[in-house]
file data37.txt (compact mmCIF, C-alpha atoms)
# COMPACT_ATOMS: atom_id res chain seq x y z
CA MET I 20 0.00 0.00 0.00
CA SER I 21 0.97 3.63 -0.35
CA ILE I 22 -0.07 6.91 1.20
CA ILE I 23 -1.84 9.79 -0.53
CA SER I 24 -1.37 13.51 0.07
CA SER I 25 -4.10 15.71 -1.39
CA ARG I 26 -3.68 19.09 -3.05
CA PRO I 27 -4.94 21.52 -0.35
CA ILE I 28 -8.07 22.82 -2.06
CA THR I 29 -9.70 23.09 1.39
CA PRO I 30 -8.11 23.72 4.82
CA GLY I 31 -8.99 20.17 5.91
CA GLN I 32 -6.86 18.73 3.09
CA ARG I 33 -3.73 20.74 3.88
CA PHE I 34 -2.35 18.24 6.40
CA LEU I 35 -4.44 15.23 5.39
CA VAL I 36 -2.45 12.06 4.63
CA ARG I 37 -4.52 8.97 3.74
CA VAL I 38 -3.70 5.35 3.05
CA LYS I 39 -4.49 4.14 -0.45
CA THR I 40 -7.41 1.71 -0.26
CA ASP I 41 -8.00 0.68 -3.87
CA ASN I 42 -7.78 -3.02 -2.97
CA LEU I 43 -10.52 -2.86 -0.31
CA HIS I 44 -14.10 -4.03 -0.79
CA LYS I 45 -16.41 -1.09 -1.51
CA GLY I 46 -19.70 -2.66 -0.36
CA ARG I 47 -21.18 -3.52 3.00
CA PRO I 48 -19.71 -6.20 5.30
CA GLU I 49 -20.93 -9.80 5.51
CA ARG I 50 -24.30 -9.51 7.23
CA GLN I 51 -24.25 -12.71 9.30
CA LEU I 52 -20.81 -11.76 10.67
CA THR I 53 -21.87 -8.34 12.00
CA GLU I 54 -23.62 -7.28 15.18
CA SER I 55 -24.60 -4.05 16.90
CA ASN I 56 -21.84 -2.32 18.81
CA HIS I 57 -22.70 -0.67 22.14
CA ARG I 58 -20.59 2.46 22.56
CA ALA I 59 -19.67 2.95 26.19
CA ARG I 60 -18.47 6.55 25.63
CA GLY I 61 -15.88 6.09 28.36
CA ARG I 62 -18.38 4.96 31.01
CA ASN I 63 -18.24 1.83 33.17
CA CYS I 64 -21.16 -0.39 34.20
CA TYR I 65 -22.25 2.23 36.76
CA GLY I 66 -22.41 5.02 34.18
CA ARG I 67 -19.34 6.79 35.60
CA ILE I 68 -16.70 8.16 33.26
CA THR I 69 -13.51 6.11 33.63
CA SER I 70 -11.90 7.00 30.30
CA ARG I 71 -12.11 10.69 29.53
CA ARG I 72 -12.53 12.38 26.16
CA ARG I 73 -14.68 9.67 24.59
CA GLY I 74 -18.08 10.15 22.96
CA GLY I 75 -19.89 10.96 19.75
CA GLY I 76 -18.52 9.52 16.56
CA HIS I 77 -20.09 7.71 13.65
CA LYS I 78 -22.21 4.60 14.04
CA LYS I 79 -20.43 1.35 13.21
CA LEU I 80 -21.18 -2.37 13.20
CA TYR I 81 -18.88 -4.81 14.93
CA ARG I 82 -17.37 -7.50 12.70
CA THR I 83 -17.11 -10.91 14.40
CA ILE I 84 -13.54 -12.14 13.88
CA ASP I 85 -12.27 -15.70 14.21
CA PHE I 86 -9.39 -15.25 16.66
CA ARG I 87 -9.35 -18.95 17.60
CA ARG I 88 -8.78 -20.41 14.10
CA ASP I 89 -10.14 -23.73 15.37
CA VAL I 90 -11.48 -24.99 12.02
CA LEU I 91 -8.61 -27.39 11.34
CA GLU I 92 -7.35 -29.00 8.14
CA GLN I 93 -9.89 -27.19 5.96
CA PRO I 94 -8.44 -24.78 3.38
CA ALA I 95 -10.29 -21.50 2.97
CA THR I 96 -10.28 -19.08 0.05
CA VAL I 97 -9.91 -15.32 0.53
CA LEU I 98 -12.98 -13.70 -1.05
CA ARG I 99 -12.02 -10.10 -0.39
CA ILE I 100 -10.14 -7.67 1.86
CA GLU I 101 -12.33 -5.27 3.86
CA TYR I 102 -12.02 -2.16 6.01
CA ASP I 103 -12.89 -2.46 9.70
CA PRO I 104 -13.90 0.75 11.54
CA ASN I 105 -13.28 -0.92 14.92
CA ARG I 106 -9.54 -1.49 14.48
CA THR I 107 -6.50 -0.31 12.52
CA ALA I 108 -6.00 -3.64 10.71
CA HIS I 109 -7.92 -4.74 7.64
CA LEU I 110 -10.00 -7.93 7.49
CA ALA I 111 -9.97 -10.88 5.10
CA LEU I 112 -13.26 -12.64 4.39
CA LEU I 113 -12.71 -16.42 4.11
CA GLU I 114 -14.94 -19.01 2.48
CA TYR I 115 -14.60 -22.70 3.37
CA ALA I 116 -15.63 -25.67 1.20
CA ASP I 117 -19.03 -25.86 2.95
CA LYS I 118 -19.68 -22.20 1.99
CA THR I 119 -19.35 -20.89 5.57
CA HIS I 120 -17.71 -17.50 5.93
CA THR I 121 -15.43 -16.06 8.62
CA TYR I 122 -13.31 -12.97 9.12
CA ILE I 123 -9.62 -12.99 10.07
CA LEU I 124 -7.11 -10.17 10.36
CA ALA I 125 -5.53 -9.73 6.94
CA PRO I 126 -1.74 -10.23 7.09
CA ASP I 127 0.56 -8.25 4.82
CA GLY I 128 0.80 -9.88 1.39
CA LEU I 129 -2.52 -11.73 1.55
CA LYS I 130 -4.76 -10.95 -1.41
CA GLU I 131 -8.03 -12.00 -2.99
CA GLY I 132 -8.00 -15.57 -4.27
CA ASP I 133 -5.28 -16.83 -1.90
CA THR I 134 -5.76 -19.95 0.22
CA VAL I 135 -5.14 -20.13 3.97
CA VAL I 136 -5.46 -23.01 6.40
CA SER I 137 -5.35 -23.68 10.13
CA THR I 138 -3.56 -26.94 10.90
CA ASN I 139 -1.75 -28.94 13.56
CA LYS I 140 0.63 -30.54 11.05
CA PRO I 141 4.10 -29.27 10.06
CA GLN I 142 4.19 -27.29 6.81
CA GLU I 143 7.03 -26.92 4.32
CA GLN I 144 6.18 -23.32 3.47
CA LEU I 145 5.12 -20.75 6.04
CA THR I 146 2.86 -18.50 3.99
CA PRO I 147 1.01 -15.42 5.35
CA GLY I 148 -2.27 -16.40 7.02
CA LEU I 149 -1.16 -19.93 7.98
CA SER I 150 -2.23 -20.76 11.57
CA LEU I 151 -0.06 -23.20 13.54
CA PRO I 152 0.92 -24.04 17.12
CA LEU I 153 4.11 -22.24 18.10
CA ARG I 154 6.06 -25.50 18.37
CA LEU I 155 5.59 -26.09 14.61
CA ILE I 156 6.86 -22.66 13.52
CA ALA I 157 10.51 -22.13 12.59
CA PRO I 158 12.57 -19.79 14.80
CA ALA I 159 13.03 -16.16 13.64
CA THR I 160 9.60 -16.23 11.94
CA PHE I 161 7.43 -13.11 12.19
CA ILE I 162 4.01 -13.98 13.62
CA HIS I 163 0.86 -12.24 14.81
CA CYS I 164 -2.51 -13.06 16.44
CA ILE I 165 -0.82 -15.04 19.22
CA GLU I 166 -2.63 -16.80 22.04
CA LEU I 167 -1.58 -16.43 25.67
CA GLU I 168 -3.29 -19.67 26.63
CA PRO I 169 -4.12 -22.60 24.31
CA GLY I 170 -7.66 -22.28 22.93
CA ARG I 171 -8.28 -18.84 24.39
CA GLY I 172 -7.98 -16.95 21.11
CA ALA I 173 -5.45 -14.46 19.81
CA GLN I 174 -4.55 -11.58 22.12
CA ILE I 175 -1.07 -10.41 21.05
CA ALA I 176 0.02 -8.46 17.93
CA ARG I 177 -3.37 -7.62 16.43
CA SER I 178 -2.98 -3.96 15.36
CA ALA I 179 -1.88 -2.70 11.93
CA GLY I 180 1.77 -3.50 11.25
CA GLY I 181 2.06 -5.49 14.47
CA PHE I 182 4.15 -8.64 14.82
CA ALA I 183 6.18 -10.67 17.26
CA GLN I 184 9.20 -12.85 16.54
CA LEU I 185 9.62 -16.45 17.59
CA MET I 186 13.08 -16.76 19.13
CA GLY I 187 13.06 -20.49 19.84
CA ILE I 188 11.46 -23.44 21.63
CA GLU I 189 12.54 -24.79 25.04
CA LEU I 190 10.77 -28.03 25.95
CA ASP I 191 7.07 -27.06 26.19
CA ARG I 192 7.66 -23.29 26.13
CA ALA I 193 8.27 -20.88 23.27
CA ILE I 194 10.40 -17.75 23.57
CA LEU I 195 8.84 -14.69 21.93
CA ARG I 196 10.10 -11.19 21.32
CA MET I 197 6.97 -9.11 21.80
CA PRO I 198 6.07 -5.94 19.85
CA SER I 199 7.24 -3.89 22.86
CA GLY I 200 10.69 -5.53 22.78
CA GLU I 201 9.95 -7.68 25.81
CA GLN I 202 11.08 -11.31 25.65
CA ARG I 203 8.96 -13.87 27.45
CA TYR I 204 7.91 -17.52 27.64
CA ILE I 205 4.57 -18.72 26.24
CA ASN I 206 3.09 -22.19 26.09
CA ALA I 207 4.31 -23.85 22.87
CA ASP I 208 0.81 -25.22 22.22
CA CYS I 209 -0.60 -21.71 21.74
CA ARG I 210 -1.58 -20.89 18.18
CA ALA I 211 -0.18 -18.05 16.09
CA THR I 212 -0.59 -16.82 12.52
CA VAL I 213 2.38 -16.46 10.19
CA GLY I 214 3.17 -13.00 8.85
CA ILE I 215 2.81 -9.35 9.81
CA VAL I 216 -0.58 -7.67 10.27
CA GLY I 217 -1.44 -5.69 7.13
CA ASN I 218 -2.10 -1.98 6.59
CA LEU I 219 1.53 -1.15 7.40
CA GLU I 220 1.19 2.49 6.31
CA HIS I 221 -1.41 3.24 8.97
CA GLN I 222 1.20 4.85 11.21
CA ASN I 223 2.08 7.37 8.46
CA ALA I 224 -1.51 8.61 8.05
CA SER I 225 -2.61 11.99 9.40
CA LEU I 226 -6.21 12.92 10.19
CA GLY I 227 -5.69 16.44 8.85
CA LYS I 228 -8.32 18.18 10.96
CA ALA I 229 -9.99 18.02 14.36
CA GLY I 230 -13.36 17.08 12.86
CA ARG I 231 -12.04 13.76 11.57
CA SER I 232 -10.98 12.91 15.12
CA ARG I 233 -14.53 13.67 16.31
CA TRP I 234 -15.88 11.25 13.69
CA LYS I 235 -13.88 8.54 15.43
CA GLY I 236 -15.43 9.34 18.81
CA ARG I 237 -12.47 11.27 20.24
CA ARG I 238 -13.38 14.51 21.98
CA PRO I 239 -11.04 17.50 22.47
CA ARG I 240 -8.28 17.42 25.05
CA VAL I 241 -7.23 20.45 27.10
CA ARG I 242 -3.69 20.59 28.53
CA GLY I 243 -3.52 20.49 32.31
CA MET I 244 -1.12 23.44 32.49
CA ALA I 245 -3.69 25.56 30.62
CA MET I 246 -6.20 25.04 33.45
CA ASN I 247 -6.61 26.74 36.82
CA PRO I 248 -5.09 25.24 39.99
CA VAL I 249 -8.56 24.17 41.17
CA ASP I 250 -8.99 22.04 38.04
CA HIS I 251 -5.60 20.36 37.66
CA PRO I 252 -2.32 19.92 39.61
CA ASN I 253 -0.39 21.45 36.70
CA GLY I 254 -2.65 24.49 36.43
CA GLY I 255 -2.02 28.07 37.46
CA GLY I 256 1.07 30.26 37.54
CA GLY I 257 1.80 33.61 35.96
CA GLY I 258 3.12 32.18 32.74
CA LYS I 259 5.37 29.14 32.93
CA SER I 260 6.53 29.65 36.50
CA LYS I 261 8.41 27.17 38.68
CA GLY I 262 5.60 27.06 41.22
CA GLY I 263 2.90 26.13 38.73
CA GLY I 264 1.94 26.06 35.09
CA GLY I 265 3.53 22.71 34.28
CA ARG I 266 7.02 23.09 35.75
CA GLN I 267 6.40 20.47 38.42
CA HIS I 268 6.14 16.72 37.84
CA LEU I 269 3.35 15.99 35.38
CA LYS I 270 0.33 14.41 37.02
CA SER I 271 -3.23 13.43 36.32
CA PRO I 272 -6.07 15.51 37.83
CA TRP I 273 -6.07 13.02 40.74
CA GLY I 274 -2.37 13.31 41.44
CA GLN I 275 -0.94 10.16 39.79
CA LEU I 276 2.39 10.76 38.09
CA SER I 277 2.20 10.70 34.30
CA LYS I 278 5.83 9.90 33.46
CA GLY I 279 8.09 7.23 34.90
CA PHE I 280 5.50 5.88 37.34
CA PRO I 281 5.18 2.08 36.95
CA THR I 282 1.56 0.96 36.78
CA ARG I 283 2.21 -2.77 36.31
CA THR I 284 1.27 -4.83 39.35
CA LYS I 285 4.43 -6.06 41.06
CA ALA I 286 2.81 -9.34 42.11
CA LYS I 287 1.48 -10.16 38.62
CA SER I 288 1.31 -13.92 38.20
CA SER I 289 2.97 -13.90 34.77
CA ASN I 290 6.09 -12.03 35.93
CA ASN I 291 8.05 -15.28 36.14
CA GLN I 292 7.52 -15.79 32.37
CA ILE I 293 9.41 -12.61 31.44
CA ILE I 294 13.04 -13.01 30.34
CA VAL I 295 13.89 -9.45 29.22
CA ARG I 296 11.66 -6.48 30.03
CA ARG I 297 10.65 -3.89 27.47
CA ASN I 298 13.28 -1.48 28.86
CA GLY I 299 16.03 -4.01 28.09
CA ARG I 300 16.64 -5.16 31.64
CA LYS I 301 17.09 -8.89 32.17
CA VAL I 302 14.95 -10.59 34.81
CA LYS I 303 16.54 -12.98 37.26
CA GLN I 304 14.89 -16.37 36.93
CA ALA I 305 14.10 -18.16 40.19

call {"tool": "encode", "arguments": {"input": "data37.txt", "output": "structure tokens"}}
result
Amino acid sequence: MSIISSRPITPGQRFLVRVKTDNLHKGRPERQLTESNHRARGRNCYGRITSRRRGGGHKKLYRTIDFRRDVLEQPATVLRIEYDPNRTAHLALLEYADKTHTYILAPDGLKEGDTVVSTNKPQEQLTPGLSLPLRLIAPATFIHCIELEPGRGAQIARSAGGFAQLMGIELDRAILRMPSGEQRYINADCRATVGIVGNLEHQNASLGKAGRSRWKGRRPRVRGMAMNPVDHPNGGGGGKSKGGGGRQHLKSPWGQLSKGFPTRTKAKSSNNQIIVRRNGRKVKQA
């Protein structure tokens, strides 16, 4: 794919950078694979805002995606590649021999008419879209849609351009280099899909105007140091003074540090599976 910069006929096109989407399906999604999507607008089950600056946006249907890939030994043909408003990656619509349809995340290089399969048998060629247990994948292979527990469904490397790398297999555990750079153990029976998630140019796109962000359900954000002291810890001050106005440690409105403050639970049960943390520090194994 490539990116497109428009001639600025209007102010909204001056900074607009879009991803070329000529290969995407122009019609509506597969009807039996869609369902209504409740928009929480940043509220929890009690109706209280827990994620600020969410709301509005265009209506969208949720596409049901097969993250388990548990239809084994049955080749499927790619009917088309589709846009998904709920995620950055594109979708591939698959058709099996019995005419059933499913969606999967479209890996880079997969195109209409290709064949993909989910199997538990070793394969000579590791083509994009092939789903295998980690123990059957060659080391140094780029993979995505990785399970954390066998049969649970893919949870890792699902966004556009995302991938992890299989470093090797030790007994019943696989060593993965995660998208964050962290290296960790995962059960070798977990499934993964070969390849890199498609729509690689997504990170180079630019919305171009504030209105396009509102279409996506993102409301405006005001800097804390532009507020008054009663509204935010970083507010106040005659200009950018040392006593206020953002010169102190950056915090949330409730006083939690914004930079350098670790939010990961120290007693997390999966800590003993980490080999190298995302900051490059090695973890001592017990």

call {"tool": "residues_around", "arguments": {"input": "data37.txt", "residues": "Gln174 in chain I", "least_positions_apart": "6", "cutoff": "7 Å", "atoms": "all atoms listed in the file", "output": "PyMOL selection string"}}
result
chain I and resi 164-167

call {"tool": "write_last_selection", "arguments": {"input": "data37.txt", "atoms": "C-alpha atoms", "output": "tab-separated table (two decimals), in the frame of the given file"}}
result
chain	number	residue	atom	x	y	z
I	164	CYS	CA	-2.51	-13.06	16.44
I	165	ILE	CA	-0.82	-15.04	19.22
I	166	GLU	CA	-2.63	-16.80	22.04
I	167	LEU	CA	-1.58	-16.43	25.67

call {"tool": "closest_residue", "arguments": {"input": "data37.txt", "among": "I:Arg297, I:Arg47, I:Arg106, I:Gly256", "to": "Pro198 in chain I", "atoms": "all atoms listed in the file"}}
result
I:Arg297

call {"tool": "closest_residue", "arguments": {"input": "data37.txt", "among": "I:Ala286, I:Ala211, I:Met244, I:Cys64", "to": "His268 in chain I", "atoms": "only C-alpha atoms"}}
result
I:Met244

call {"tool": "residues_around", "arguments": {"input": "data37.txt", "residues": "range 53-55 of chain I", "least_positions_apart": "5", "cutoff": "7 Å", "atoms": "only C-alpha atoms", "output": "list in words"}}
result
Leu80, Tyr81, Arg82 and Thr83 of chain I

call {"tool": "atom_distance", "arguments": {"input": "data37.txt", "atom1": "CA of Gln144 in chain I", "atom2": "CA of Tyr102 in chain I"}}
result
28.0 Å

call {"tool": "residues_around", "arguments": {"input": "data37.txt", "residues": "Leu43 in chain I", "least_positions_apart": "4", "cutoff": "12 Å", "atoms": "all atoms listed in the file", "output": "ChimeraX atom specification"}}
result
/I:20,38-39,47-48,98-103,108-112,125,130-131,218

call {"tool": "closest_residue", "arguments": {"input": "data37.txt", "among": "I:Leu149, I:His57, I:Lys79, I:Pro141", "to": "Gln93 in chain I", "atoms": "all atoms listed in the file"}}
result
I:Leu149

call {"tool": "atom_distance", "arguments": {"input": "data37.txt", "atom1": "CA of Asp85 in chain I", "atom2": "CA of Met186 in chain I"}}
result
25.8 Å

call {"tool": "closest_residue", "arguments": {"input": "data37.txt", "among": "I:His221, I:Gly227, I:Ile123, I:Asn105", "to": "Ser25 in chain I", "atoms": "all atoms listed in the file"}}
result
I:Gly227
